[in-house]
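Quick look at input07.pdb (PDB, N, CA and C atoms):
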ATOM      1  N   MET A   1     -18.499 -15.268  -5.736
ATOM      2  CA  MET A   1     -18.807 -14.570  -6.965
ATOM      3  C   MET A   1     -19.120 -13.108  -6.648
ATOM      4  N   ALA A   2     -18.851 -12.297  -7.619
ATOM      5  CA  ALA A   2     -19.122 -10.863  -7.509
ATOM      6  C   ALA A   2     -19.588 -10.366  -8.868
ATOM      7  N   ARG A   3     -20.026  -9.140  -8.925
ATOM      8  CA  ARG A   3     -20.430  -8.506 -10.178
ATOM      9  C   ARG A   3     -19.726  -7.158 -10.281
ATOM     10  N   PRO A   4     -19.453  -6.683 -11.489
ATOM     11  CA  PRO A   4     -18.870  -5.351 -11.619
ATOM     12  C   PRO A   4     -19.688  -4.281 -10.898
ATOM     13  N   SER A   5     -21.004  -4.435 -10.889
ATOM     14  CA  SER A   5     -21.848  -3.446 -10.205
ATOM     15  C   SER A   5     -21.562  -3.403  -8.706
ATOM     16  N   ASP A   6     -21.062  -4.508  -8.141
ATOM     17  CA  ASP A   6     -20.672  -4.505  -6.730
ATOM     18  C   ASP A   6     -19.514  -3.533  -6.498
ATOM     19  N   PHE A   7     -18.599  -3.459  -7.471
ATOM     20  CA  PHE A   7     -17.479  -2.528  -7.371
ATOM     21  C   PHE A   7     -17.986  -1.082  -7.442
ATOM     22  N   LYS A   8     -18.994  -0.862  -8.278
ATOM     23  CA  LYS A   8     -19.563   0.485  -8.388
ATOM     24  C   LYS A   8     -20.194   0.906  -7.066
ATOM     25  N   GLU A   9     -20.936  -0.003  -6.453
ATOM     26  CA  GLU A   9     -21.555   0.303  -5.163
ATOM     27  C   GLU A   9     -20.490   0.539  -4.095
ATOM     28  N   ALA A  10     -19.438  -0.273  -4.111
ATOM     29  CA  ALA A  10     -18.338  -0.088  -3.154
ATOM     30  C   ALA A  10     -17.678   1.271  -3.356
ATOM     31  N   ALA A  11     -17.536   1.674  -4.604
ATOM     32  CA  ALA A  11     -16.925   2.975  -4.904
ATOM     33  C   ALA A  11     -17.790   4.119  -4.384
ATOM     34  N   LYS A  12     -19.098   3.987  -4.525
ATOM     35  CA  LYS A  12     -19.995   5.037  -4.021
ATOM     36  C   LYS A  12     -19.781   5.266  -2.530
ATOM     37  N   HIS A  13     -19.578   4.173  -1.791
ATOM     38  CA  HIS A  13     -19.367   4.287  -0.347
ATOM     39  C   HIS A  13     -17.945   4.752  -0.031
ATOM     40  N   ALA A  14     -16.960   4.153  -0.689
ATOM     41  CA  ALA A  14     -15.554   4.471  -0.405
ATOM     42  C   ALA A  14     -15.231   5.927  -0.710
ATOM     43  N   CYS A  15     -15.811   6.449  -1.749
ATOM     44  CA  CYS A  15     -15.483   7.817  -2.165
ATOM     45  C   CYS A  15     -16.155   8.880  -1.299
ATOM     46  N   LYS A  16     -17.072   8.473  -0.446
ATOM     47  CA  LYS A  16     -17.710   9.409   0.486
ATOM     48  C   LYS A  16     -16.976   9.476   1.826
ATOM     49  N   VAL A  17     -16.075   8.534   2.073
ATOM     50  CA  VAL A  17     -15.377   8.459   3.357
ATOM     51  C   VAL A  17     -14.262   9.506   3.400
ATOM     52  N   THR A  18     -14.202  10.239   4.490
ATOM     53  CA  THR A  18     -13.142  11.242   4.650
ATOM     54  C   THR A  18     -11.846  10.559   5.083
ATOM     55  N   MET A  19     -10.731  11.235   4.882
ATOM     56  CA  MET A  19      -9.438  10.684   5.292
ATOM     57  C   MET A  19      -9.391  10.458   6.802
ATOM     58  N   ASN A  20     -10.141  11.226   7.562
ATOM     59  CA  ASN A  20     -10.176  11.042   9.017
ATOM     60  C   ASN A  20     -10.864   9.743   9.409
ATOM     61  N   ASN A  21     -11.754   9.247   8.567
ATOM     62  CA  ASN A  21     -12.539   8.052   8.894
ATOM     63  C   ASN A  21     -12.150   6.815   8.099
ATOM     64  N   VAL A  22     -11.286   6.953   7.117
ATOM     65  CA  VAL A  22     -11.017   5.837   6.212
ATOM     66  C   VAL A  22     -10.381   4.642   6.931
ATOM     67  N   GLU A  23      -9.514   4.886   7.898
ATOM     68  CA  GLU A  23      -8.870   3.777   8.613
ATOM     69  C   GLU A  23      -9.880   2.999   9.455
ATOM     70  N   THR A  24     -10.843   3.701  10.030
ATOM     71  CA  THR A  24     -11.892   3.045  10.812
ATOM     72  C   THR A  24     -12.833   2.264   9.903
ATOM     73  N   LYS A  25     -13.176   2.852   8.770
ATOM     74  CA  LYS A  25     -14.112   2.220   7.832
ATOM     75  C   LYS A  25     -13.496   1.003   7.145
ATOM     76  N   TYR A  26     -12.177   1.051   6.865
ATOM     77  CA  TYR A  26     -11.493  -0.033   6.150
ATOM     78  C   TYR A  26     -10.278  -0.498   6.953
ATOM     79  N   PRO A  27     -10.506  -1.188   8.085
ATOM     80  CA  PRO A  27      -9.400  -1.571   8.968
ATOM     81  C   PRO A  27      -8.444  -2.609   8.366
ATOM     82  N   ASN A  28      -8.872  -3.347   7.357
ATOM     83  CA  ASN A  28      -8.022  -4.383   6.759
ATOM     84  C   ASN A  28      -7.154  -3.870   5.620
ATOM     85  N   VAL A  29      -7.287  -2.607   5.277
ATOM     86  CA  VAL A  29      -6.482  -2.015   4.203
ATOM     87  C   VAL A  29      -5.183  -1.491   4.811
ATOM     88  N   ARG A  30      -4.063  -1.776   4.131
ATOM     89  CA  ARG A  30      -2.769  -1.294   4.620
ATOM     90  C   ARG A  30      -2.778   0.230   4.703
ATOM     91  N   LYS A  31      -2.106   0.749   5.721
ATOM     92  CA  LYS A  31      -2.108   2.196   5.988
ATOM     93  C   LYS A  31      -1.669   3.007   4.769
ATOM     94  N   ASN A  32      -0.638   2.546   4.054
ATOM     95  CA  ASN A  32      -0.151   3.274   2.875
ATOM     96  C   ASN A  32      -1.157   3.275   1.725
ATOM     97  N   ASP A  33      -2.086   2.316   1.734
ATOM     98  CA  ASP A  33      -3.074   2.212   0.661
ATOM     99  C   ASP A  33      -4.371   2.969   0.958
ATOM    100  N   LEU A  34      -4.558   3.396   2.189
ATOM    101  CA  LEU A  34      -5.814   4.049   2.581
ATOM    102  C   LEU A  34      -6.182   5.269   1.736
ATOM    103  N   PRO A  35      -5.229   6.135   1.368
ATOM    104  CA  PRO A  35      -5.615   7.298   0.557
ATOM    105  C   PRO A  35      -6.139   6.933  -0.838
ATOM    106  N   TYR A  36      -5.932   5.691  -1.247
ATOM    107  CA  TYR A  36      -6.266   5.289  -2.615
ATOM    108  C   TYR A  36      -7.467   4.351  -2.709
ATOM    109  N   VAL A  37      -8.165   4.124  -1.605
ATOM    110  CA  VAL A  37      -9.294   3.184  -1.605
ATOM    111  C   VAL A  37     -10.326   3.579  -2.651
ATOM    112  N   CYS A  38     -10.735   4.814  -2.672
ATOM    113  CA  CYS A  38     -11.731   5.283  -3.646
ATOM    114  C   CYS A  38     -11.223   5.081  -5.068
ATOM    115  N   MET A  39     -10.030   5.562  -5.341
ATOM    116  CA  MET A  39      -9.464   5.470  -6.690
ATOM    117  C   MET A  39      -9.327   4.014  -7.144
ATOM    118  N   ASP A  40      -8.889   3.136  -6.242
ATOM    119  CA  ASP A  40      -8.703   1.732  -6.604
ATOM    120  C   ASP A  40     -10.010   1.072  -7.030
ATOM    121  N   VAL A  41     -11.071   1.304  -6.268
ATOM    122  CA  VAL A  41     -12.351   0.662  -6.590
ATOM    123  C   VAL A  41     -12.952   1.248  -7.863
ATOM    124  N   VAL A  42     -12.821   2.548  -8.064
ATOM    125  CA  VAL A  42     -13.296   3.170  -9.307
ATOM    126  C   VAL A  42     -12.520   2.605 -10.495
ATOM    127  N   TYR A  43     -11.200   2.462 -10.354
ATOM    128  CA  TYR A  43     -10.367   1.898 -11.423
ATOM    129  C   TYR A  43     -10.795   0.471 -11.747
ATOM    130  N   GLN A  44     -11.007  -0.331 -10.716
ATOM    131  CA  GLN A  44     -11.400  -1.722 -10.933
ATOM    132  C   GLN A  44     -12.736  -1.812 -11.660
ATOM    133  N   TYR A  45     -13.709  -1.024 -11.233
ATOM    134  CA  TYR A  45     -15.014  -1.024 -11.903
ATOM    135  C   TYR A  45     -14.873  -0.590 -13.361
ATOM    136  N   THR A  46     -14.147   0.489 -13.578
ATOM    137  CA  THR A  46     -13.973   1.018 -14.936
ATOM    138  C   THR A  46     -13.283   0.010 -15.836
ATOM    139  N   LEU A  47     -12.259  -0.646 -15.332
ATOM    140  CA  LEU A  47     -11.551  -1.658 -16.114
ATOM    141  C   LEU A  47     -12.468  -2.828 -16.452
ATOM    142  N   LEU A  48     -13.256  -3.277 -15.481
ATOM    143  CA  LEU A  48     -14.159  -4.401 -15.725
ATOM    144  C   LEU A  48     -15.228  -4.067 -16.760
ATOM    145  N   VAL A  49     -15.808  -2.891 -16.676
ATOM    146  CA  VAL A  49     -16.934  -2.534 -17.541
ATOM    147  C   VAL A  49     -16.494  -1.968 -18.888
ATOM    148  N   ASN A  50     -15.477  -1.146 -18.884
ATOM    149  CA  ASN A  50     -15.047  -0.488 -20.122
ATOM    150  C   ASN A  50     -13.873  -1.170 -20.803
ATOM    151  N   GLY A  51     -13.241  -2.098 -20.146
ATOM    152  CA  GLY A  51     -12.088  -2.774 -20.734
ATOM    153  C   GLY A  51     -10.902  -1.834 -20.840
ATOM    154  N   PHE A  52     -10.052  -2.089 -21.786
ATOM    155  CA  PHE A  52      -8.816  -1.335 -21.936
ATOM    156  C   PHE A  52      -8.886  -0.270 -23.019
ATOM    157  N   GLY A  53     -10.059   0.045 -23.526
ATOM    158  CA  GLY A  53     -10.177   1.072 -24.548
ATOM    159  C   GLY A  53     -10.118   0.493 -25.944
ATOM    160  N   LYS A  54     -10.042   1.366 -26.928
ATOM    161  CA  LYS A  54     -10.144   0.967 -28.330
ATOM    162  C   LYS A  54      -9.044   0.011 -28.767
ATOM    163  N   ILE A  55      -7.829   0.209 -28.291
ATOM    164  CA  ILE A  55      -6.721  -0.641 -28.723
ATOM    165  C   ILE A  55      -6.973  -2.096 -28.363
ATOM    166  N   TRP A  56      -7.499  -2.331 -27.166
ATOM    167  CA  TRP A  56      -7.705  -3.692 -26.692
ATOM    168  C   TRP A  56      -9.128  -4.199 -26.921
ATOM    169  N   SER A  57     -10.007  -3.382 -27.446
ATOM    170  CA  SER A  57     -11.424  -3.743 -27.490
ATOM    171  C   SER A  57     -11.709  -5.030 -28.247
ATOM    172  N   MET A  58     -10.900  -5.349 -29.242
ATOM    173  CA  MET A  58     -11.131  -6.585 -29.986
ATOM    174  C   MET A  58     -10.727  -7.805 -29.165
ATOM    175  N   ILE A  59      -9.832  -7.629 -28.198
ATOM    176  CA  ILE A  59      -9.349  -8.746 -27.389
ATOM    177  C   ILE A  59     -10.065  -8.802 -26.046
ATOM    178  N   LEU A  60     -10.125  -7.678 -25.373
ATOM    179  CA  LEU A  60     -10.640  -7.628 -24.011
ATOM    180  C   LEU A  60     -11.797  -6.643 -23.905
ATOM    181  N   GLU A  61     -12.973  -7.089 -24.199
ATOM    182  CA  GLU A  61     -14.131  -6.212 -24.074
ATOM    183  C   GLU A  61     -14.579  -6.177 -22.624
ATOM    184  N   GLY A  62     -15.218  -5.105 -22.252
ATOM    185  CA  GLY A  62     -15.702  -4.971 -20.889
ATOM    186  C   GLY A  62     -16.836  -5.942 -20.592
ATOM    187  N   LEU A  63     -17.104  -6.120 -19.321
ATOM    188  CA  LEU A  63     -18.165  -7.005 -18.867
ATOM    189  C   LEU A  63     -19.448  -6.210 -18.666
ATOM    190  N   LYS A  64     -20.561  -6.914 -18.625
ATOM    191  CA  LYS A  64     -21.825  -6.278 -18.280
ATOM    192  C   LYS A  64     -21.828  -6.049 -16.764
ATOM    193  N   PRO A  65     -22.380  -4.922 -16.298
ATOM    194  CA  PRO A  65     -22.347  -4.612 -14.866
ATOM    195  C   PRO A  65     -22.947  -5.700 -13.973
ATOM    196  N   GLN A  66     -23.948  -6.443 -14.466
ATOM    197  CA  GLN A  66     -24.586  -7.474 -13.644
ATOM    198  C   GLN A  66     -24.008  -8.873 -13.869
ATOM    199  N   GLN A  67     -22.987  -8.987 -14.704
ATOM    200  CA  GLN A  67     -22.389 -10.289 -15.011
ATOM    201  C   GLN A  67     -21.616 -10.815 -13.803
ATOM    202  N   ASN A  68     -21.807 -12.098 -13.470
ATOM    203  CA  ASN A  68     -21.064 -12.708 -12.374
ATOM    204  C   ASN A  68     -19.620 -12.943 -12.788
ATOM    205  N   ILE A  69     -18.702 -12.657 -11.868
ATOM    206  CA  ILE A  69     -17.280 -12.893 -12.101
ATOM    207  C   ILE A  69     -16.699 -13.584 -10.875
ATOM    208  N   ALA A  70     -15.647 -14.364 -11.077
ATOM    209  CA  ALA A  70     -14.951 -15.018  -9.970
ATOM    210  C   ALA A  70     -13.763 -14.158  -9.564
ATOM    211  N   LEU A  71     -13.621 -13.922  -8.276
ATOM    212  CA  LEU A  71     -12.466 -13.203  -7.751
ATOM    213  C   LEU A  71     -11.448 -14.247  -7.304
ATOM    214  N   VAL A  72     -10.215 -14.087  -7.701
ATOM    215  CA  VAL A  72      -9.192 -15.085  -7.398
ATOM    216  C   VAL A  72      -7.969 -14.435  -6.758
ATOM    217  N   ARG A  73      -7.211 -15.244  -6.050
ATOM    218  CA  ARG A  73      -5.940 -14.798  -5.479
ATOM    219  C   ARG A  73      -4.771 -15.238  -6.347
ATOM    220  N   GLN A  74      -4.875 -16.421  -6.946
ATOM    221  CA  GLN A  74      -3.778 -16.957  -7.739
ATOM    222  C   GLN A  74      -4.296 -17.520  -9.056
ATOM    223  N   VAL A  75      -3.429 -17.489 -10.075
ATOM    224  CA  VAL A  75      -3.754 -18.015 -11.396
ATOM    225  C   VAL A  75      -2.680 -19.027 -11.769
ATOM    226  N   GLN A  76      -3.108 -20.243 -12.146
ATOM    227  CA  GLN A  76      -2.148 -21.263 -12.561
ATOM    228  C   GLN A  76      -1.719 -21.002 -13.994
ATOM    229  N   TYR A  77      -0.422 -21.098 -14.234
ATOM    230  CA  TYR A  77       0.111 -20.898 -15.578
ATOM    231  C   TYR A  77       0.152 -22.237 -16.299
ATOM    232  N   GLY A  78      -0.713 -22.394 -17.316
ATOM    233  CA  GLY A  78      -0.750 -23.626 -18.114
ATOM    234  C   GLY A  78      -0.925 -24.856 -17.244
ATOM    235  N   ASP A  79      -0.149 -25.907 -17.551
ATOM    236  CA  ASP A  79      -0.199 -27.150 -16.779
ATOM    237  C   ASP A  79       0.890 -27.206 -15.721
ATOM    238  N   SER A  80       1.609 -26.117 -15.536
ATOM    239  CA  SER A  80       2.729 -26.107 -14.591
ATOM    240  C   SER A  80       2.229 -26.072 -13.153
ATOM    241  N   ASP A  81       3.155 -26.209 -12.236
ATOM    242  CA  ASP A  81       2.843 -26.101 -10.815
ATOM    243  C   ASP A  81       2.931 -24.658 -10.327
ATOM    244  N   PHE A  82       3.166 -23.732 -11.250
ATOM    245  CA  PHE A  82       3.332 -22.326 -10.882
ATOM    246  C   PHE A  82       1.983 -21.628 -10.785
ATOM    247  N   PHE A  83       1.753 -20.988  -9.658
ATOM    248  CA  PHE A  83       0.581 -20.144  -9.459
ATOM    249  C   PHE A  83       1.070 -18.729  -9.187
ATOM    250  N   GLY A  84       0.752 -17.805 -10.077
ATOM    251  CA  GLY A  84       1.128 -16.407  -9.885
ATOM    252  C   GLY A  84       0.044 -15.665  -9.143
ATOM    253  N   GLU A  85       0.451 -14.680  -8.382
ATOM    254  CA  GLU A  85      -0.516 -13.856  -7.659
ATOM    255  C   GLU A  85      -1.345 -13.043  -8.649
ATOM    256  N   ALA A  86      -2.635 -13.050  -8.460
ATOM    257  CA  ALA A  86      -3.528 -12.278  -9.322
ATOM    258  C   ALA A  86      -3.467 -10.812  -8.915
ATOM    259  N   ALA A  87      -3.370  -9.942  -9.883
ATOM    260  CA  ALA A  87      -3.352  -8.500  -9.642
ATOM    261  C   ALA A  87      -3.979  -7.832 -10.850
ATOM    262  N   TRP A  88      -4.516  -6.661 -10.674
ATOM    263  CA  TRP A  88      -5.129  -5.942 -11.784
ATOM    264  C   TRP A  88      -4.054  -5.492 -12.733
ATOM    265  N   PRO A  89      -4.190  -5.782 -13.969
ATOM    266  CA  PRO A  89      -5.141  -6.578 -14.733
ATOM    267  C   PRO A  89      -4.530  -7.902 -15.182
ATOM    268  N   LEU A  90      -3.789  -8.582 -14.296
ATOM    269  CA  LEU A  90      -3.104  -9.819 -14.658
ATOM    270  C   LEU A  90      -4.035 -10.850 -15.282
ATOM    271  N   GLY A  91      -5.183 -11.088 -14.665
ATOM    272  CA  GLY A  91      -6.093 -12.108 -15.175
ATOM    273  C   GLY A  91      -6.524 -11.857 -16.605
ATOM    274  N   SER A  92      -6.867 -10.636 -16.924
ATOM    275  CA  SER A  92      -7.272 -10.297 -18.288
ATOM    276  C   SER A  92      -6.121 -10.453 -19.267
ATOM    277  N   ALA A  93      -4.931 -10.074 -18.844
ATOM    278  CA  ALA A  93      -3.769 -10.189 -19.723
ATOM    279  C   ALA A  93      -3.457 -11.650 -20.023
ATOM    280  N   ILE A  94      -3.510 -12.503 -19.010
ATOM    281  CA  ILE A  94      -3.247 -13.930 -19.220
ATOM    282  C   ILE A  94      -4.295 -14.524 -20.143
ATOM    283  N   GLU A  95      -5.546 -14.186 -19.914
ATOM    284  CA  GLU A  95      -6.628 -14.697 -20.761
ATOM    285  C   GLU A  95      -6.437 -14.268 -22.205
ATOM    286  N   ALA A  96      -5.947 -13.066 -22.414
ATOM    287  CA  ALA A  96      -5.778 -12.536 -23.767
ATOM    288  C   ALA A  96      -4.657 -13.221 -24.528
ATOM    289  N   VAL A  97      -3.608 -13.633 -23.835
ATOM    290  CA  VAL A  97      -2.440 -14.171 -24.537
ATOM    291  C   VAL A  97      -2.359 -15.686 -24.543
ATOM    292  N   THR A  98      -3.249 -16.358 -23.867
ATOM    293  CA  THR A  98      -3.176 -17.815 -23.829
ATOM    294  C   THR A  98      -4.419 -18.430 -24.446
ATOM    295  N   SER A  99      -4.222 -19.528 -25.127
ATOM    296  CA  SER A  99      -5.368 -20.252 -25.679
ATOM    297  C   SER A  99      -5.733 -21.415 -24.768
ATOM    298  N   GLU A 100      -4.881 -21.678 -23.760
ATOM    299  CA  GLU A 100      -5.147 -22.767 -22.831
ATOM    300  C   GLU A 100      -6.153 -22.328 -21.784
ATOM    301  N   LYS A 101      -6.917 -23.290 -21.308
ATOM    302  CA  LYS A 101      -7.818 -22.990 -20.213
ATOM    303  C   LYS A 101      -6.973 -22.878 -18.948
ATOM    304  N   ILE A 102      -7.195 -21.824 -18.167
ATOM    305  CA  ILE A 102      -6.402 -21.640 -16.963
ATOM    306  C   ILE A 102      -7.192 -22.069 -15.741
ATOM    307  N   ASN A 103      -6.478 -22.552 -14.733
ATOM    308  CA  ASN A 103      -7.082 -23.002 -13.494
ATOM    309  C   ASN A 103      -6.970 -21.878 -12.474
ATOM    310  N   LEU A 104      -8.080 -21.451 -11.911
ATOM    311  CA  LEU A 104      -8.091 -20.336 -10.971
ATOM    312  C   LEU A 104      -8.362 -20.845  -9.561
ATOM    313  N   LYS A 105      -7.576 -20.379  -8.596
ATOM    314  CA  LYS A 105      -7.828 -20.692  -7.189
ATOM    315  C   LYS A 105      -8.665 -19.564  -6.606
ATOM    316  N   GLN A 106      -9.912 -19.857  -6.290
ATOM    317  CA  GLN A 106     -10.788 -18.827  -5.734
ATOM    318  C   GLN A 106     -10.540 -18.675  -4.247
ATOM    319  N   PHE A 107     -10.891 -17.479  -3.732
ATOM    320  CA  PHE A 107     -10.756 -17.285  -2.287
ATOM    321  C   PHE A 107     -12.092 -17.136  -1.653
TER
END

Would you encode the structure as structure tokens?
Amino acid sequence: MARPSDFKEAAKHACKVTMNNVETKYPNVRKNDLPYVCMDVVYQYTLLVNGFGKIWSMILEGLKPQQNIALVRQVQYGDSDFFGEAAWPLGSAIEAVTSEKINLKQF
């Protein structure tokens, strides 16, 4: 479990790291993604807390910063055997368009 506030704290640290140190600080991040570590975490926090803005606010409202959330790698589509890779904002989009309860594989 994680909380949106965890993303905010991660962003505070990630955004202070210089490009000279980012590879050492985040060795598991792909080299091409290293310049975007700060931006990615800020985006994730903003999406979780603020949602998608006024157009989507009736469907997808933001979460409270201290609310527990499950982080997943795959999302099962309906009752099928298909599990799609979770990506921002796939989980929210699936939740918005389906009335079925979805099965999430946590990591």

Name all residues at most 8 Å from A:Pro65 (count only N, CA and C atoms; drop same-chain ones fewer than 5 positions away) and give them as a CSV table (one decimal) with N, CA and C atoms, in the coordinates of the input.
chain,number,residue,atom,x,y,z
A,2,ALA,N,-18.9,-12.3,-7.6
A,2,ALA,CA,-19.1,-10.9,-7.5
A,2,ALA,C,-19.6,-10.4,-8.9
A,3,ARG,N,-20.0,-9.1,-8.9
A,3,ARG,CA,-20.4,-8.5,-10.2
A,3,ARG,C,-19.7,-7.2,-10.3
A,4,PRO,N,-19.5,-6.7,-11.5
A,4,PRO,CA,-18.9,-5.4,-11.6
A,4,PRO,C,-19.7,-4.3,-10.9
A,5,SER,N,-21.0,-4.4,-10.9
A,5,SER,CA,-21.8,-3.4,-10.2
A,5,SER,C,-21.6,-3.4,-8.7
A,6,ASP,N,-21.1,-4.5,-8.1
A,6,ASP,CA,-20.7,-4.5,-6.7
A,6,ASP,C,-19.5,-3.5,-6.5
A,48,LEU,N,-13.3,-3.3,-15.5
A,48,LEU,CA,-14.2,-4.4,-15.7
A,48,LEU,C,-15.2,-4.1,-16.8
A,49,VAL,N,-15.8,-2.9,-16.7
A,49,VAL,CA,-16.9,-2.5,-17.5
A,49,VAL,C,-16.5,-2.0,-18.9

Residue by residue, what does the PyMOL selection byres (((chain A and resi 27-43 and name CA) around 7) and name CA) grab here? Present the result as a PDB file with N, CA and C atoms, keeping the file's coordinate frame.
ATOM      1  N   PHE A   7     -18.599  -3.459  -7.471  1.00  0.00           N
ATOM      2  CA  PHE A   7     -17.479  -2.528  -7.371  1.00  0.00           C
ATOM      3  C   PHE A   7     -17.986  -1.082  -7.442  1.00  0.00           C
ATOM      4  N   LYS A   8     -18.994  -0.862  -8.278  1.00  0.00           N
ATOM      5  CA  LYS A   8     -19.563   0.485  -8.388  1.00  0.00           C
ATOM      6  C   LYS A   8     -20.194   0.906  -7.066  1.00  0.00           C
ATOM      7  N   ALA A  10     -19.438  -0.273  -4.111  1.00  0.00           N
ATOM      8  CA  ALA A  10     -18.338  -0.088  -3.154  1.00  0.00           C
ATOM      9  C   ALA A  10     -17.678   1.271  -3.356  1.00  0.00           C
ATOM     10  N   ALA A  11     -17.536   1.674  -4.604  1.00  0.00           N
ATOM     11  CA  ALA A  11     -16.925   2.975  -4.904  1.00  0.00           C
ATOM     12  C   ALA A  11     -17.790   4.119  -4.384  1.00  0.00           C
ATOM     13  N   ALA A  14     -16.960   4.153  -0.689  1.00  0.00           N
ATOM     14  CA  ALA A  14     -15.554   4.471  -0.405  1.00  0.00           C
ATOM     15  C   ALA A  14     -15.231   5.927  -0.710  1.00  0.00           C
ATOM     16  N   CYS A  15     -15.811   6.449  -1.749  1.00  0.00           N
ATOM     17  CA  CYS A  15     -15.483   7.817  -2.165  1.00  0.00           C
ATOM     18  C   CYS A  15     -16.155   8.880  -1.299  1.00  0.00           C
ATOM     19  N   MET A  19     -10.731  11.235   4.882  1.00  0.00           N
ATOM     20  CA  MET A  19      -9.438  10.684   5.292  1.00  0.00           C
ATOM     21  C   MET A  19      -9.391  10.458   6.802  1.00  0.00           C
ATOM     22  N   VAL A  22     -11.286   6.953   7.117  1.00  0.00           N
ATOM     23  CA  VAL A  22     -11.017   5.837   6.212  1.00  0.00           C
ATOM     24  C   VAL A  22     -10.381   4.642   6.931  1.00  0.00           C
ATOM     25  N   GLU A  23      -9.514   4.886   7.898  1.00  0.00           N
ATOM     26  CA  GLU A  23      -8.870   3.777   8.613  1.00  0.00           C
ATOM     27  C   GLU A  23      -9.880   2.999   9.455  1.00  0.00           C
ATOM     28  N   THR A  24     -10.843   3.701  10.030  1.00  0.00           N
ATOM     29  CA  THR A  24     -11.892   3.045  10.812  1.00  0.00           C
ATOM     30  C   THR A  24     -12.833   2.264   9.903  1.00  0.00           C
ATOM     31  N   LYS A  25     -13.176   2.852   8.770  1.00  0.00           N
ATOM     32  CA  LYS A  25     -14.112   2.220   7.832  1.00  0.00           C
ATOM     33  C   LYS A  25     -13.496   1.003   7.145  1.00  0.00           C
ATOM     34  N   TYR A  26     -12.177   1.051   6.865  1.00  0.00           N
ATOM     35  CA  TYR A  26     -11.493  -0.033   6.150  1.00  0.00           C
ATOM     36  C   TYR A  26     -10.278  -0.498   6.953  1.00  0.00           C
ATOM     37  N   GLN A  44     -11.007  -0.331 -10.716  1.00  0.00           N
ATOM     38  CA  GLN A  44     -11.400  -1.722 -10.933  1.00  0.00           C
ATOM     39  C   GLN A  44     -12.736  -1.812 -11.660  1.00  0.00           C
ATOM     40  N   TYR A  45     -13.709  -1.024 -11.233  1.00  0.00           N
ATOM     41  CA  TYR A  45     -15.014  -1.024 -11.903  1.00  0.00           C
ATOM     42  C   TYR A  45     -14.873  -0.590 -13.361  1.00  0.00           C
ATOM     43  N   THR A  46     -14.147   0.489 -13.578  1.00  0.00           N
ATOM     44  CA  THR A  46     -13.973   1.018 -14.936  1.00  0.00           C
ATOM     45  C   THR A  46     -13.283   0.010 -15.836  1.00  0.00           C
ATOM     46  N   LEU A  47     -12.259  -0.646 -15.332  1.00  0.00           N
ATOM     47  CA  LEU A  47     -11.551  -1.658 -16.114  1.00  0.00           C
ATOM     48  C   LEU A  47     -12.468  -2.828 -16.452  1.00  0.00           C
TER      49      LEU A  47
END

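A straight line drawn from atom CA of A:Glu85 to atom CA of A:Val72 is 8.8 Å long.
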
Original post:
Which residue out of A:His13, A:Thr18, A:Met1, A:Phe82 has the minimum interatomic distance to A:Asn68 when only N, CA and C atoms are used?
Top reply: A:Met1
